[in-house]
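Student: Input file: query28.txt. Contents: compact mmCIF, C-alpha atoms and all ligand atoms.
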```txt
# COMPACT_ATOMS: atom_id res chain seq x y z
CA MET A 164 -29.54 -21.05 38.83
CA MET A 165 -29.33 -17.31 39.24
CA GLN A 166 -25.88 -15.95 38.40
CA THR A 167 -23.90 -14.13 41.05
CA ARG A 168 -22.23 -10.78 40.55
CA THR A 169 -19.51 -9.12 42.59
CA LEU A 170 -19.98 -5.59 43.90
CA GLY A 171 -16.73 -3.82 44.64
CA THR A 172 -13.44 -5.46 45.56
CA GLN A 173 -14.09 -6.16 49.24
CA GLY A 174 -15.98 -9.43 48.65
CA LEU A 175 -19.67 -8.44 48.44
CA ALA A 176 -21.54 -10.93 46.25
CA ALA A 177 -25.14 -10.59 45.08
CA SER A 178 -27.57 -12.35 42.78
CA ALA A 179 -27.66 -10.60 39.37
CA VAL A 180 -31.16 -9.35 40.18
CA GLY A 181 -31.82 -8.13 43.72
CA TYR A 182 -34.98 -6.98 45.45
CA GLY A 183 -35.98 -3.48 46.66
CA SER A 184 -38.45 -3.25 49.50
CA MET A 185 -39.44 0.44 49.54
CA GLY A 186 -42.86 -0.08 47.97
CA ILE A 187 -43.85 -2.46 50.76
CA THR A 188 -44.38 0.51 53.07
CA MET A 189 -44.34 3.71 50.98
CA ALA A 190 -44.29 5.59 47.67
CA TYR A 191 -46.57 3.52 45.47
CA GLY A 192 -49.93 3.40 47.25
CA ALA A 193 -51.06 1.54 50.36
CA ALA A 194 -48.54 -0.41 52.42
CA ASP A 195 -48.73 -4.17 52.00
CA ALA A 196 -46.60 -6.09 54.48
CA GLU A 197 -48.21 -9.41 53.59
CA GLY A 198 -47.70 -9.04 49.83
CA GLY A 199 -44.18 -7.78 50.45
CA SER A 200 -43.28 -10.73 52.68
CA SER A 201 -44.53 -13.24 50.13
CA ALA A 202 -42.63 -11.39 47.40
CA ILE A 203 -39.44 -11.62 49.48
CA GLN A 204 -39.96 -15.33 50.10
CA ARG A 205 -40.53 -15.95 46.39
CA ALA A 206 -37.46 -13.92 45.52
CA TYR A 207 -35.33 -16.05 47.82
CA ASP A 208 -36.84 -19.26 46.43
CA LEU A 209 -35.85 -18.07 42.94
CA GLY A 210 -32.26 -17.33 43.93
CA VAL A 211 -32.31 -13.66 44.94
CA THR A 212 -29.72 -13.01 47.65
CA PHE A 213 -29.62 -9.20 47.81
CA PHE A 214 -32.35 -7.32 49.66
CA ASP A 215 -32.57 -3.56 50.02
CA THR A 216 -34.32 -1.57 52.75
CA ALA A 217 -33.79 1.75 54.60
CA GLU A 218 -34.58 3.45 57.87
CA LEU A 219 -36.55 6.02 55.84
CA TYR A 220 -39.01 3.49 54.41
CA GLY A 221 -41.46 3.75 57.32
CA TRP A 222 -38.96 4.65 60.09
CA GLY A 223 -38.27 1.07 61.02
CA GLU A 224 -41.49 -0.48 59.69
CA ASN A 225 -39.95 -1.61 56.43
CA GLU A 226 -36.89 -3.04 58.18
CA LYS A 227 -39.21 -5.01 60.49
CA VAL A 228 -41.05 -6.53 57.51
CA VAL A 229 -37.80 -7.40 55.73
CA GLY A 230 -36.17 -8.81 58.89
CA GLN A 231 -39.18 -11.00 59.60
CA ALA A 232 -39.47 -12.17 55.99
CA VAL A 233 -35.81 -13.26 55.72
CA LYS A 234 -35.34 -14.68 59.20
CA ASP A 235 -35.32 -18.33 58.08
CA PHE A 236 -32.61 -17.72 55.50
CA ARG A 237 -30.85 -14.64 56.84
CA ASP A 238 -27.35 -16.12 56.60
CA ASP A 239 -27.81 -16.99 52.91
CA VAL A 240 -28.51 -13.40 51.84
CA ALA A 241 -27.08 -9.90 51.98
CA ILE A 242 -29.22 -7.23 53.64
CA ALA A 243 -28.64 -3.57 52.86
CA THR A 244 -30.05 -0.64 54.80
CA LYS A 245 -29.49 3.13 54.79
CA PHE A 246 -29.09 6.04 57.20
CA GLY A 247 -28.96 9.78 56.78
CA TYR A 248 -32.46 11.26 56.59
CA THR A 249 -34.33 13.16 59.28
CA HIS A 250 -38.06 12.75 59.81
CA ASP A 251 -38.73 15.99 57.93
CA PHE A 252 -36.65 14.76 54.97
CA GLY A 253 -33.57 16.79 55.87
CA PHE A 254 -30.14 15.14 56.05
CA ASP A 255 -28.22 14.03 59.14
CA SER A 256 -25.02 12.03 58.76
CA ARG A 257 -23.36 13.19 61.97
CA PRO A 258 -21.41 10.28 63.48
CA GLY A 259 -23.60 10.07 66.60
CA HIS A 260 -26.72 9.90 64.45
CA ILE A 261 -25.25 7.18 62.20
CA ARG A 262 -24.45 5.02 65.26
CA GLU A 263 -27.92 5.53 66.68
CA VAL A 264 -29.65 4.66 63.38
CA VAL A 265 -27.58 1.52 62.97
CA GLU A 266 -28.54 0.32 66.47
CA ASN A 267 -32.21 0.93 65.60
CA SER A 268 -31.86 -0.80 62.24
CA LEU A 269 -30.26 -3.89 63.78
CA ARG A 270 -33.06 -4.04 66.33
CA ASN A 271 -35.79 -3.55 63.71
CA LEU A 272 -34.24 -6.12 61.38
CA GLY A 273 -33.61 -8.53 64.27
CA MET A 274 -30.02 -9.02 63.12
CA ALA A 275 -26.54 -8.83 64.59
CA HIS A 276 -25.09 -7.20 61.48
CA VAL A 277 -26.15 -5.63 58.18
CA ASP A 278 -24.25 -6.57 55.06
CA VAL A 279 -24.32 -3.18 53.36
CA LEU A 280 -24.72 0.16 55.10
CA TYR A 281 -25.45 3.01 52.72
CA GLN A 282 -25.43 6.71 53.36
CA HIS A 283 -28.86 7.46 51.83
CA ARG A 284 -27.98 11.00 50.72
CA VAL A 285 -24.79 13.03 51.00
CA ASP A 286 -25.05 15.47 53.94
CA PRO A 287 -23.52 18.81 52.92
CA ASN A 288 -22.89 19.64 56.59
CA VAL A 289 -20.77 16.60 57.47
CA PRO A 290 -17.42 15.90 55.78
CA ILE A 291 -17.67 12.58 53.94
CA GLU A 292 -14.40 11.51 55.63
CA ASP A 293 -16.23 11.62 58.99
CA VAL A 294 -19.06 9.52 57.57
CA ALA A 295 -16.65 6.97 56.10
CA GLY A 296 -14.67 6.89 59.36
CA THR A 297 -17.83 6.16 61.35
CA VAL A 298 -18.83 3.36 58.99
CA LYS A 299 -15.29 1.98 59.27
CA GLU A 300 -15.69 1.79 63.07
CA LEU A 301 -18.99 -0.05 62.61
CA ILE A 302 -17.29 -2.49 60.22
CA ASP A 303 -14.47 -3.02 62.73
CA ALA A 304 -17.10 -3.68 65.42
CA GLY A 305 -18.72 -6.37 63.23
CA LYS A 306 -22.05 -4.55 62.93
CA VAL A 307 -21.64 -3.77 59.23
CA ARG A 308 -19.85 -5.67 56.45
CA TYR A 309 -19.66 -3.28 53.47
CA PHE A 310 -19.93 0.47 52.87
CA GLY A 311 -22.26 1.99 50.27
CA LEU A 312 -23.15 5.47 49.07
CA SER A 313 -26.32 6.63 47.36
CA GLU A 314 -26.58 9.55 44.91
CA ALA A 315 -22.99 10.65 45.57
CA GLY A 316 -20.80 12.37 42.96
CA PRO A 317 -17.24 11.48 41.84
CA GLU A 318 -15.33 13.68 44.30
CA THR A 319 -17.40 12.50 47.27
CA ILE A 320 -16.97 8.86 46.27
CA ARG A 321 -13.22 9.31 45.92
CA ARG A 322 -12.83 11.02 49.31
CA ALA A 323 -14.99 8.43 51.08
CA HIS A 324 -13.14 5.56 49.40
CA ALA A 325 -9.79 6.85 50.70
CA VAL A 326 -11.00 6.43 54.30
CA GLN A 327 -13.12 3.27 54.03
CA PRO A 328 -13.32 1.46 50.67
CA VAL A 329 -16.76 1.88 49.11
CA SER A 330 -18.15 -1.40 47.75
CA VAL A 331 -21.23 -0.07 46.04
CA LEU A 332 -22.94 3.07 44.79
CA GLN A 333 -26.73 3.09 44.56
CA THR A 334 -28.34 5.68 42.28
CA GLU A 335 -31.37 5.88 40.02
CA TYR A 336 -30.64 4.28 36.66
CA SER A 337 -32.93 2.83 34.02
CA LEU A 338 -33.92 3.19 30.40
CA PHE A 339 -35.75 6.31 31.59
CA GLU A 340 -32.84 7.80 33.56
CA ARG A 341 -29.33 7.73 32.13
CA ASP A 342 -27.42 10.43 34.05
CA ALA A 343 -25.75 7.83 36.29
CA GLU A 344 -23.60 6.79 33.33
CA MET A 345 -21.40 9.83 33.95
CA LEU A 346 -20.35 8.20 37.24
CA PHE A 347 -19.21 4.94 35.65
CA PRO A 348 -15.62 6.01 34.88
CA THR A 349 -15.06 6.78 38.58
CA LEU A 350 -16.67 3.49 39.64
CA ASN A 351 -14.59 1.53 37.14
CA GLU A 352 -11.38 3.25 38.18
CA LEU A 353 -11.98 2.56 41.89
CA GLY A 354 -13.52 -0.90 41.39
CA ILE A 355 -16.89 -0.01 42.92
CA GLY A 356 -20.13 -1.89 42.16
CA PHE A 357 -23.33 -0.19 41.04
CA VAL A 358 -26.92 -0.77 42.13
CA PRO A 359 -29.51 0.93 39.92
CA TYR A 360 -32.55 1.95 41.94
CA SER A 361 -35.99 2.44 40.41
CA PRO A 362 -34.72 0.18 37.59
CA LEU A 363 -38.24 -0.13 36.21
CA GLY A 364 -38.68 3.63 36.11
CA ARG A 365 -40.87 3.42 39.24
CA GLY A 366 -43.01 0.87 37.43
CA PHE A 367 -43.51 2.73 34.16
CA LEU A 368 -41.25 0.32 32.29
CA THR A 369 -43.63 -2.56 32.91
CA GLY A 370 -46.47 -1.57 30.64
CA THR A 371 -48.83 -0.95 33.58
CA ALA A 372 -48.62 2.86 33.86
CA LYS A 373 -51.89 4.80 34.17
CA PRO A 374 -52.35 8.57 33.81
CA ALA A 375 -51.28 10.52 36.94
CA SER A 376 -54.85 11.42 37.91
CA LEU A 377 -55.73 7.76 38.42
CA TYR A 378 -53.27 7.24 41.29
CA GLU A 379 -54.09 8.02 44.93
CA GLU A 380 -52.55 11.16 46.38
CA SER A 381 -50.20 9.09 48.61
CA ASP A 382 -48.79 7.46 45.47
CA MET A 383 -45.86 9.51 44.14
CA ARG A 384 -46.87 8.70 40.59
CA SER A 385 -49.78 11.13 41.05
CA TRP A 386 -47.18 13.95 40.92
CA ASP A 387 -44.17 12.36 39.21
CA ALA A 388 -43.33 14.27 36.01
CA ARG A 389 -43.15 11.13 33.87
CA TRP A 390 -46.84 10.49 34.50
CA GLN A 391 -48.01 14.04 33.74
CA PRO A 392 -49.92 14.84 30.53
CA GLY A 393 -47.49 15.48 27.68
CA ASN A 394 -44.72 13.27 29.07
CA PHE A 395 -47.05 10.38 29.86
CA GLU A 396 -48.11 9.76 26.26
CA LYS A 397 -44.53 9.81 24.98
CA ASN A 398 -43.39 7.43 27.70
CA VAL A 399 -46.30 5.09 26.91
CA GLU A 400 -45.38 5.17 23.23
CA ALA A 401 -41.78 4.16 24.02
CA THR A 402 -42.95 1.44 26.41
CA VAL A 403 -45.31 -0.01 23.81
CA GLN A 404 -42.45 -0.23 21.32
CA LEU A 405 -40.21 -1.88 23.91
CA ALA A 406 -42.98 -4.33 24.74
CA GLU A 407 -43.29 -5.29 21.05
CA LEU A 408 -39.56 -5.89 20.85
CA ALA A 409 -39.63 -7.90 24.09
CA ALA A 410 -42.58 -9.99 22.89
CA SER A 411 -40.52 -11.04 19.85
CA LYS A 412 -38.25 -12.83 22.36
CA ASP A 413 -41.09 -14.11 24.58
CA ALA A 414 -40.11 -11.59 27.21
CA THR A 415 -41.94 -8.74 28.92
CA VAL A 416 -41.01 -5.09 28.86
CA ALA A 417 -40.01 -5.27 32.56
CA GLN A 418 -37.65 -8.13 31.76
CA PHE A 419 -36.21 -6.18 28.84
CA ALA A 420 -35.66 -3.10 31.00
CA LEU A 421 -33.79 -5.15 33.62
CA ALA A 422 -31.81 -7.17 31.06
CA TRP A 423 -30.72 -3.89 29.47
CA LEU A 424 -29.32 -2.77 32.85
CA LEU A 425 -27.49 -6.08 33.32
CA ALA A 426 -25.97 -5.65 29.86
CA GLN A 427 -24.42 -2.29 30.82
CA GLY A 428 -21.70 -3.88 32.97
CA GLU A 429 -20.74 -6.87 35.10
CA HIS A 430 -20.63 -4.67 38.18
CA ILE A 431 -24.37 -3.86 38.00
CA VAL A 432 -27.14 -5.36 40.17
CA PRO A 433 -30.61 -3.79 39.80
CA ILE A 434 -33.08 -3.99 42.70
CA PRO A 435 -36.62 -3.93 41.27
CA GLY A 436 -39.38 -3.59 43.86
CA THR A 437 -42.80 -5.20 43.98
CA ARG A 438 -45.37 -6.37 46.50
CA SER A 439 -46.35 -9.28 44.30
CA ALA A 440 -44.76 -12.74 44.24
CA GLY A 441 -45.85 -13.18 40.61
CA ARG A 442 -44.11 -9.99 39.57
CA VAL A 443 -40.96 -11.05 41.41
CA GLU A 444 -40.96 -14.14 39.25
CA GLU A 445 -41.29 -12.02 36.12
CA ASN A 446 -38.52 -9.64 37.20
CA VAL A 447 -36.12 -12.39 38.22
CA GLY A 448 -36.61 -13.93 34.75
CA ALA A 449 -34.56 -11.03 33.38
CA ALA A 450 -31.39 -12.66 34.70
CA ASP A 451 -31.73 -15.35 32.02
CA LEU A 452 -32.46 -12.94 29.19
CA VAL A 453 -29.50 -12.12 26.99
CA LEU A 454 -29.99 -9.15 24.70
CA SER A 455 -28.38 -9.25 21.27
CA GLU A 456 -26.52 -6.35 19.67
CA ALA A 457 -29.60 -5.90 17.48
CA ASP A 458 -31.88 -5.69 20.56
CA LEU A 459 -29.56 -3.16 22.18
CA SER A 460 -29.43 -0.95 19.12
CA ARG A 461 -33.22 -1.11 18.62
CA ILE A 462 -33.62 -0.15 22.32
CA SER A 463 -31.36 2.85 21.82
CA GLU A 464 -33.43 3.91 18.83
CA ILE A 465 -36.62 3.74 20.93
CA LEU A 466 -35.14 5.57 23.94
CA PRO A 467 -31.87 7.21 22.94
CA LEU A 468 -31.60 9.53 25.95
CA GLY A 469 -34.00 8.30 28.59
CA GLY A 470 -37.68 8.90 29.31
CA PHE A 471 -39.70 12.09 29.23
CA GLY A 472 -40.04 14.09 32.45
CA SER A 473 -37.56 14.71 35.25
CA ARG A 474 -36.96 11.95 37.81
CA TYR A 475 -37.58 14.30 40.76
CA PRO A 476 -38.86 17.85 41.21
CA GLU A 477 -35.93 20.28 40.85
CA ALA A 478 -35.38 20.77 44.60
CA MET A 479 -35.05 17.01 45.20
CA ILE A 480 -32.45 16.32 42.51
CA PRO A 481 -29.19 15.49 44.30
CA ASN A 482 -26.25 17.73 43.55
CA TRP A 483 -23.47 15.27 42.58
CA GLN A 484 -20.03 16.51 43.61
N1 LIG B 1 -31.37 5.09 47.29
C1 LIG B 1 -32.49 5.72 47.05
O1 LIG B 1 -32.62 6.92 47.25
C2 LIG B 1 -33.66 4.96 46.51
C3 LIG B 1 -34.75 5.63 45.90
C4 LIG B 1 -35.80 4.88 45.37
C5 LIG B 1 -35.76 3.49 45.45
N2 LIG B 1 -34.71 2.86 46.06
C6 LIG B 1 -34.64 1.38 46.16
O2 LIG B 1 -34.81 0.81 44.86
C7 LIG B 1 -35.88 -0.13 44.88
C8 LIG B 1 -36.57 -0.20 43.55
O3 LIG B 1 -37.01 1.07 43.12
P1 LIG B 1 -38.55 1.50 43.10
O4 LIG B 1 -39.34 0.59 43.97
O5 LIG B 1 -38.58 2.95 43.35
O6 LIG B 1 -38.94 1.36 41.57
P2 LIG B 1 -39.03 0.19 40.50
O7 LIG B 1 -38.44 -1.05 41.02
O8 LIG B 1 -38.51 0.78 39.25
O9 LIG B 1 -40.61 0.04 40.33
C9 LIG B 1 -41.44 -0.31 41.38
C10 LIG B 1 -42.88 -0.22 40.94
O10 LIG B 1 -43.10 -1.08 39.83
C11 LIG B 1 -44.13 -2.01 40.07
N3 LIG B 1 -43.67 -3.29 39.49
C12 LIG B 1 -42.54 -3.97 39.81
N4 LIG B 1 -42.41 -5.05 39.02
C13 LIG B 1 -43.47 -5.05 38.18
C14 LIG B 1 -43.89 -5.90 37.13
N5 LIG B 1 -43.17 -6.97 36.77
N6 LIG B 1 -45.04 -5.61 36.47
C15 LIG B 1 -45.75 -4.51 36.82
N7 LIG B 1 -45.42 -3.67 37.80
C16 LIG B 1 -44.28 -3.93 38.48
C17 LIG B 1 -44.31 -2.03 41.57
O11 LIG B 1 -45.67 -2.21 41.88
P3 LIG B 1 -46.25 -3.43 42.77
O12 LIG B 1 -45.61 -3.38 44.10
O13 LIG B 1 -47.70 -3.10 42.83
O14 LIG B 1 -45.93 -4.66 41.98
C18 LIG B 1 -43.86 -0.63 41.99
O15 LIG B 1 -44.94 0.26 41.92
C19 LIG B 1 -36.76 0.38 46.03
O16 LIG B 1 -37.65 -0.62 46.47
C20 LIG B 1 -35.73 0.79 47.05
O17 LIG B 1 -35.26 -0.34 47.75
C21 LIG B 1 -33.67 3.58 46.56
```
Spell out the structure here as structure tokens.
Tutor:
Amino acid sequence: MMQTRTLGTQGLAASAVGYGSMGITMAYGAADAEGGSSAIQRAYDLGVTFFDTAELYGWGENEKVVGQAVKDFRDDVAIATKFGYTHDFGFDSRPGHIREVVENSLRNLGMAHVDVLYQHRVDPNVPIEDVAGTVKELIDAGKVRYFGLSEAGPETIRRAHAVQPVSVLQTEYSLFERDAEMLFPTLNELGIGFVPYSPLGRGFLTGTAKPASLYEESDMRSWDARWQPGNFEKNVEATVQLAELAASKDATVAQFALAWLLAQGEHIVPIPGTRSAGRVEENVGAADLVLSEADLSRISEILPLGGFGSRYPEAMIPNWQ
């Protein structure tokens, strides 16, 4: 039985390992709705109850795949989606836009409510109090259950929380990316849950990474800094050492990377993404893997500060405030 974790103090419950759907329609090569749907079904069969999508992931296409895939067990699971991007990757969290996106998301998902509504990125042009107030109205109207933020800094989280309690913050966090730890004191103080995205380092922490030049242009790993010559070799070296450590416990490096996240706090639920049912099974196995103090200290010797190469190009790195 998969253990359940609690995110925030408003009642949101999730399986210890969730599922992220972005790769079904973007970012890591060709879209694969069929593989994604079977991965979602397998995840549910294995006890996953927390599924993550966004308007951005195909402008409704991803939500349609997720909605269709969960329709037979919708009431058993929590569905999270996100608003706040424009089609040219700008930000728009004006109240009217939020309401419009939520109507579209509900239609695309084929649902009467979403469980978690995240602001995908903080919009510098809209006071966060207005965003939180709009989400509050949607909660009062029964269209949304819980409020989430993504890539928000301490002051923003605090201001939002004062208007509508925030249940969960979603931000990149993995053995390759440790900056999110600076947000933990605020989350702990306010009782907010944490969802690490790209918990497998966009797939690097699985032992399957290839040099950047071997990915198609549409695959972000063709330009991601961690895959570029110089960083790539060092990241491979660390991953090989992690894989050796994992093998000593009959686990895989992906399972070790996820178990490490789960060991960082009870309020943490990673959402690994894959289009493969077999890989879902591997990832979900991390929930049963308990790392010893010796494992944790060996891991921090292998990767004391994170991976090599920035998580995003400079201009895309969110400015946490
Ligand atoms: N809030 C945000 O701004 C934001 C940003 C990024 C992501 N997210 C969310 O977080 C979720 C997870 O992040 P992510 O998809 O970027 O990265 P991730 O989960 O760290 O890695 C996904 C990649 O790893 C591969 N993979 C997964 N499990 C594997 C395994 N066991 N063995 C080998 N390869 C494996 C997948 O390939 P295959 O599909 O080929 O298996 C995919 O290419 C997303 O789906 C999305 O829901 C949110």
Student: Hey, which residues come within 7 Å of ligand LIG 1 (chain B) if we count only C-alpha atoms and all ligand atoms? Could you give them as an MDAnalysis selection string?
Tutor: chainID A and resid 182:187 191 215:216 283 313:314 333:335 360:367 369:371 417 434:439 442:443 445:446
Student: Could you check the closest approach to Pro290 in chain A for each of A:Gly305, A:Pro348, A:Pro328, A:Pro258 and tell me which residue wins, using only C-alpha atoms?
Tutor: A:Pro258
Student: Name the residues in contact with Gln327 in chain A at a cut-off of 8 Å, using all atoms listed in the file, excluding same-chain residues fewer than 6 positions from it; report them as a PDB file with C-alpha atoms, keeping the file's coordinate frame.
Tutor:
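Dumped to selection_2.pdb:
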```pdb
ATOM      1  CA  ALA A 295     -16.650   6.970  56.100  1.00  0.00           C
ATOM      2  CA  GLY A 296     -14.670   6.890  59.360  1.00  0.00           C
ATOM      3  CA  VAL A 298     -18.830   3.360  58.990  1.00  0.00           C
ATOM      4  CA  LYS A 299     -15.290   1.980  59.270  1.00  0.00           C
ATOM      5  CA  PHE A 310     -19.930   0.470  52.870  1.00  0.00           C
TER       6      PHE A 310
END
```
Student: Quick one: which range 182-287 of chain A residues come within 9 Å of range 447-461 of chain A, and what is the nearest atom pair for each with the distance in Å to one decimal, counting all atoms listed in the file, rows ordered by chain and ascending number, as JSON lines?
Tutor:
```
{"residue": "A:Ala206", "atom": "CA", "partner": "A:Val447", "partner_atom": "CA", "distance": 7.6}
{"residue": "A:Leu209", "atom": "CA", "partner": "A:Val447", "partner_atom": "CA", "distance": 7.4}
{"residue": "A:Gly210", "atom": "CA", "partner": "A:Val447", "partner_atom": "CA", "distance": 8.5}
{"residue": "A:Val211", "atom": "CA", "partner": "A:Val447", "partner_atom": "CA", "distance": 7.8}
```
Student: I need the residue nearest Gly247 in chain A from this list: A:Tyr336, A:Phe347, A:Tyr281, A:Tyr475. Use all atoms listed in the file for the distance.
Tutor: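 Ranking A:Tyr336, A:Phe347, A:Tyr281, A:Tyr475 by distance to Gly247 in chain A, first place goes to A:Tyr281.
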Student: Ranking A:Leu175, A:Ala440, A:Leu269, A:Met164 by minimum distance to Glu197 in chain A and counting only C-alpha atoms, which one comes first?
Tutor: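 Checking each candidate against Glu197 in chain A, we get A:Ala440 as the closest.
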Student: Because the input lacks atoms here, generate all heavy atoms for range 406-414 of chain A and report them as a PDB file, in the frame of the given file.
Tutor:
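rebuild_33.pdb was written with the following content:
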```pdb
ATOM      1  N   ALA A 406     -42.206  -3.116  24.471  1.00  0.00           N
ATOM      2  CA  ALA A 406     -42.980  -4.330  24.740  1.00  0.00           C
ATOM      3  C   ALA A 406     -43.083  -5.187  23.480  1.00  0.00           C
ATOM      4  O   ALA A 406     -43.004  -6.422  23.542  1.00  0.00           O
ATOM      5  CB  ALA A 406     -44.376  -3.964  25.258  1.00  0.00           C
ATOM      6  N   GLU A 407     -43.219  -4.532  22.320  1.00  0.00           N
ATOM      7  CA  GLU A 407     -43.290  -5.290  21.050  1.00  0.00           C
ATOM      8  C   GLU A 407     -41.971  -6.008  20.795  1.00  0.00           C
ATOM      9  O   GLU A 407     -41.941  -7.179  20.426  1.00  0.00           O
ATOM     10  CB  GLU A 407     -43.590  -4.349  19.876  1.00  0.00           C
ATOM     11  CG  GLU A 407     -45.057  -3.959  19.826  1.00  0.00           C
ATOM     12  CD  GLU A 407     -45.317  -2.794  18.861  1.00  0.00           C
ATOM     13  OE1 GLU A 407     -44.377  -2.390  18.134  1.00  0.00           O
ATOM     14  OE2 GLU A 407     -46.456  -2.293  18.866  1.00  0.00           O
ATOM     15  N   LEU A 408     -40.884  -5.293  21.032  1.00  0.00           N
ATOM     16  CA  LEU A 408     -39.560  -5.890  20.850  1.00  0.00           C
ATOM     17  C   LEU A 408     -39.373  -7.067  21.817  1.00  0.00           C
ATOM     18  O   LEU A 408     -38.906  -8.145  21.438  1.00  0.00           O
ATOM     19  CB  LEU A 408     -38.493  -4.813  21.088  1.00  0.00           C
ATOM     20  CG  LEU A 408     -37.044  -5.204  20.939  1.00  0.00           C
ATOM     21  CD1 LEU A 408     -36.737  -5.619  19.491  1.00  0.00           C
ATOM     22  CD2 LEU A 408     -36.126  -4.043  21.344  1.00  0.00           C
ATOM     23  N   ALA A 409     -39.768  -6.846  23.069  1.00  0.00           N
ATOM     24  CA  ALA A 409     -39.630  -7.900  24.090  1.00  0.00           C
ATOM     25  C   ALA A 409     -40.457  -9.122  23.710  1.00  0.00           C
ATOM     26  O   ALA A 409     -39.988 -10.268  23.829  1.00  0.00           O
ATOM     27  CB  ALA A 409     -40.057  -7.357  25.453  1.00  0.00           C
ATOM     28  N   ALA A 410     -41.679  -8.879  23.224  1.00  0.00           N
ATOM     29  CA  ALA A 410     -42.580  -9.990  22.890  1.00  0.00           C
ATOM     30  C   ALA A 410     -41.954 -10.867  21.798  1.00  0.00           C
ATOM     31  O   ALA A 410     -42.153 -12.091  21.775  1.00  0.00           O
ATOM     32  CB  ALA A 410     -43.935  -9.458  22.433  1.00  0.00           C
ATOM     33  N   SER A 411     -41.146 -10.256  20.914  1.00  0.00           N
ATOM     34  CA  SER A 411     -40.520 -11.040  19.850  1.00  0.00           C
ATOM     35  C   SER A 411     -39.524 -12.042  20.430  1.00  0.00           C
ATOM     36  O   SER A 411     -39.082 -12.959  19.746  1.00  0.00           O
ATOM     37  CB  SER A 411     -39.846 -10.120  18.823  1.00  0.00           C
ATOM     38  OG  SER A 411     -38.676  -9.553  19.386  1.00  0.00           O
ATOM     39  N   LYS A 412     -39.140 -11.865  21.697  1.00  0.00           N
ATOM     40  CA  LYS A 412     -38.250 -12.830  22.360  1.00  0.00           C
ATOM     41  C   LYS A 412     -38.962 -13.509  23.538  1.00  0.00           C
ATOM     42  O   LYS A 412     -38.315 -13.988  24.460  1.00  0.00           O
ATOM     43  CB  LYS A 412     -37.007 -12.110  22.893  1.00  0.00           C
ATOM     44  CG  LYS A 412     -36.114 -11.624  21.769  1.00  0.00           C
ATOM     45  CD  LYS A 412     -34.826 -11.036  22.295  1.00  0.00           C
ATOM     46  CE  LYS A 412     -33.802 -12.109  22.646  1.00  0.00           C
ATOM     47  NZ  LYS A 412     -32.426 -11.584  22.678  1.00  0.00           N
ATOM     48  N   ASP A 413     -40.283 -13.515  23.486  1.00  0.00           N
ATOM     49  CA  ASP A 413     -41.090 -14.110  24.580  1.00  0.00           C
ATOM     50  C   ASP A 413     -40.749 -13.514  25.925  1.00  0.00           C
ATOM     51  O   ASP A 413     -40.751 -14.223  26.939  1.00  0.00           O
ATOM     52  CB  ASP A 413     -40.901 -15.630  24.637  1.00  0.00           C
ATOM     53  CG  ASP A 413     -41.654 -16.303  23.503  1.00  0.00           C
ATOM     54  OD1 ASP A 413     -42.666 -15.725  23.067  1.00  0.00           O
ATOM     55  OD2 ASP A 413     -41.200 -17.376  23.067  1.00  0.00           O
ATOM     56  N   ALA A 414     -40.425 -12.250  25.944  1.00  0.00           N
ATOM     57  CA  ALA A 414     -40.110 -11.590  27.210  1.00  0.00           C
ATOM     58  C   ALA A 414     -41.090 -10.433  27.423  1.00  0.00           C
ATOM     59  O   ALA A 414     -41.826 -10.050  26.507  1.00  0.00           O
ATOM     60  CB  ALA A 414     -38.677 -11.062  27.176  1.00  0.00           C
TER      61      ALA A 414
END
```
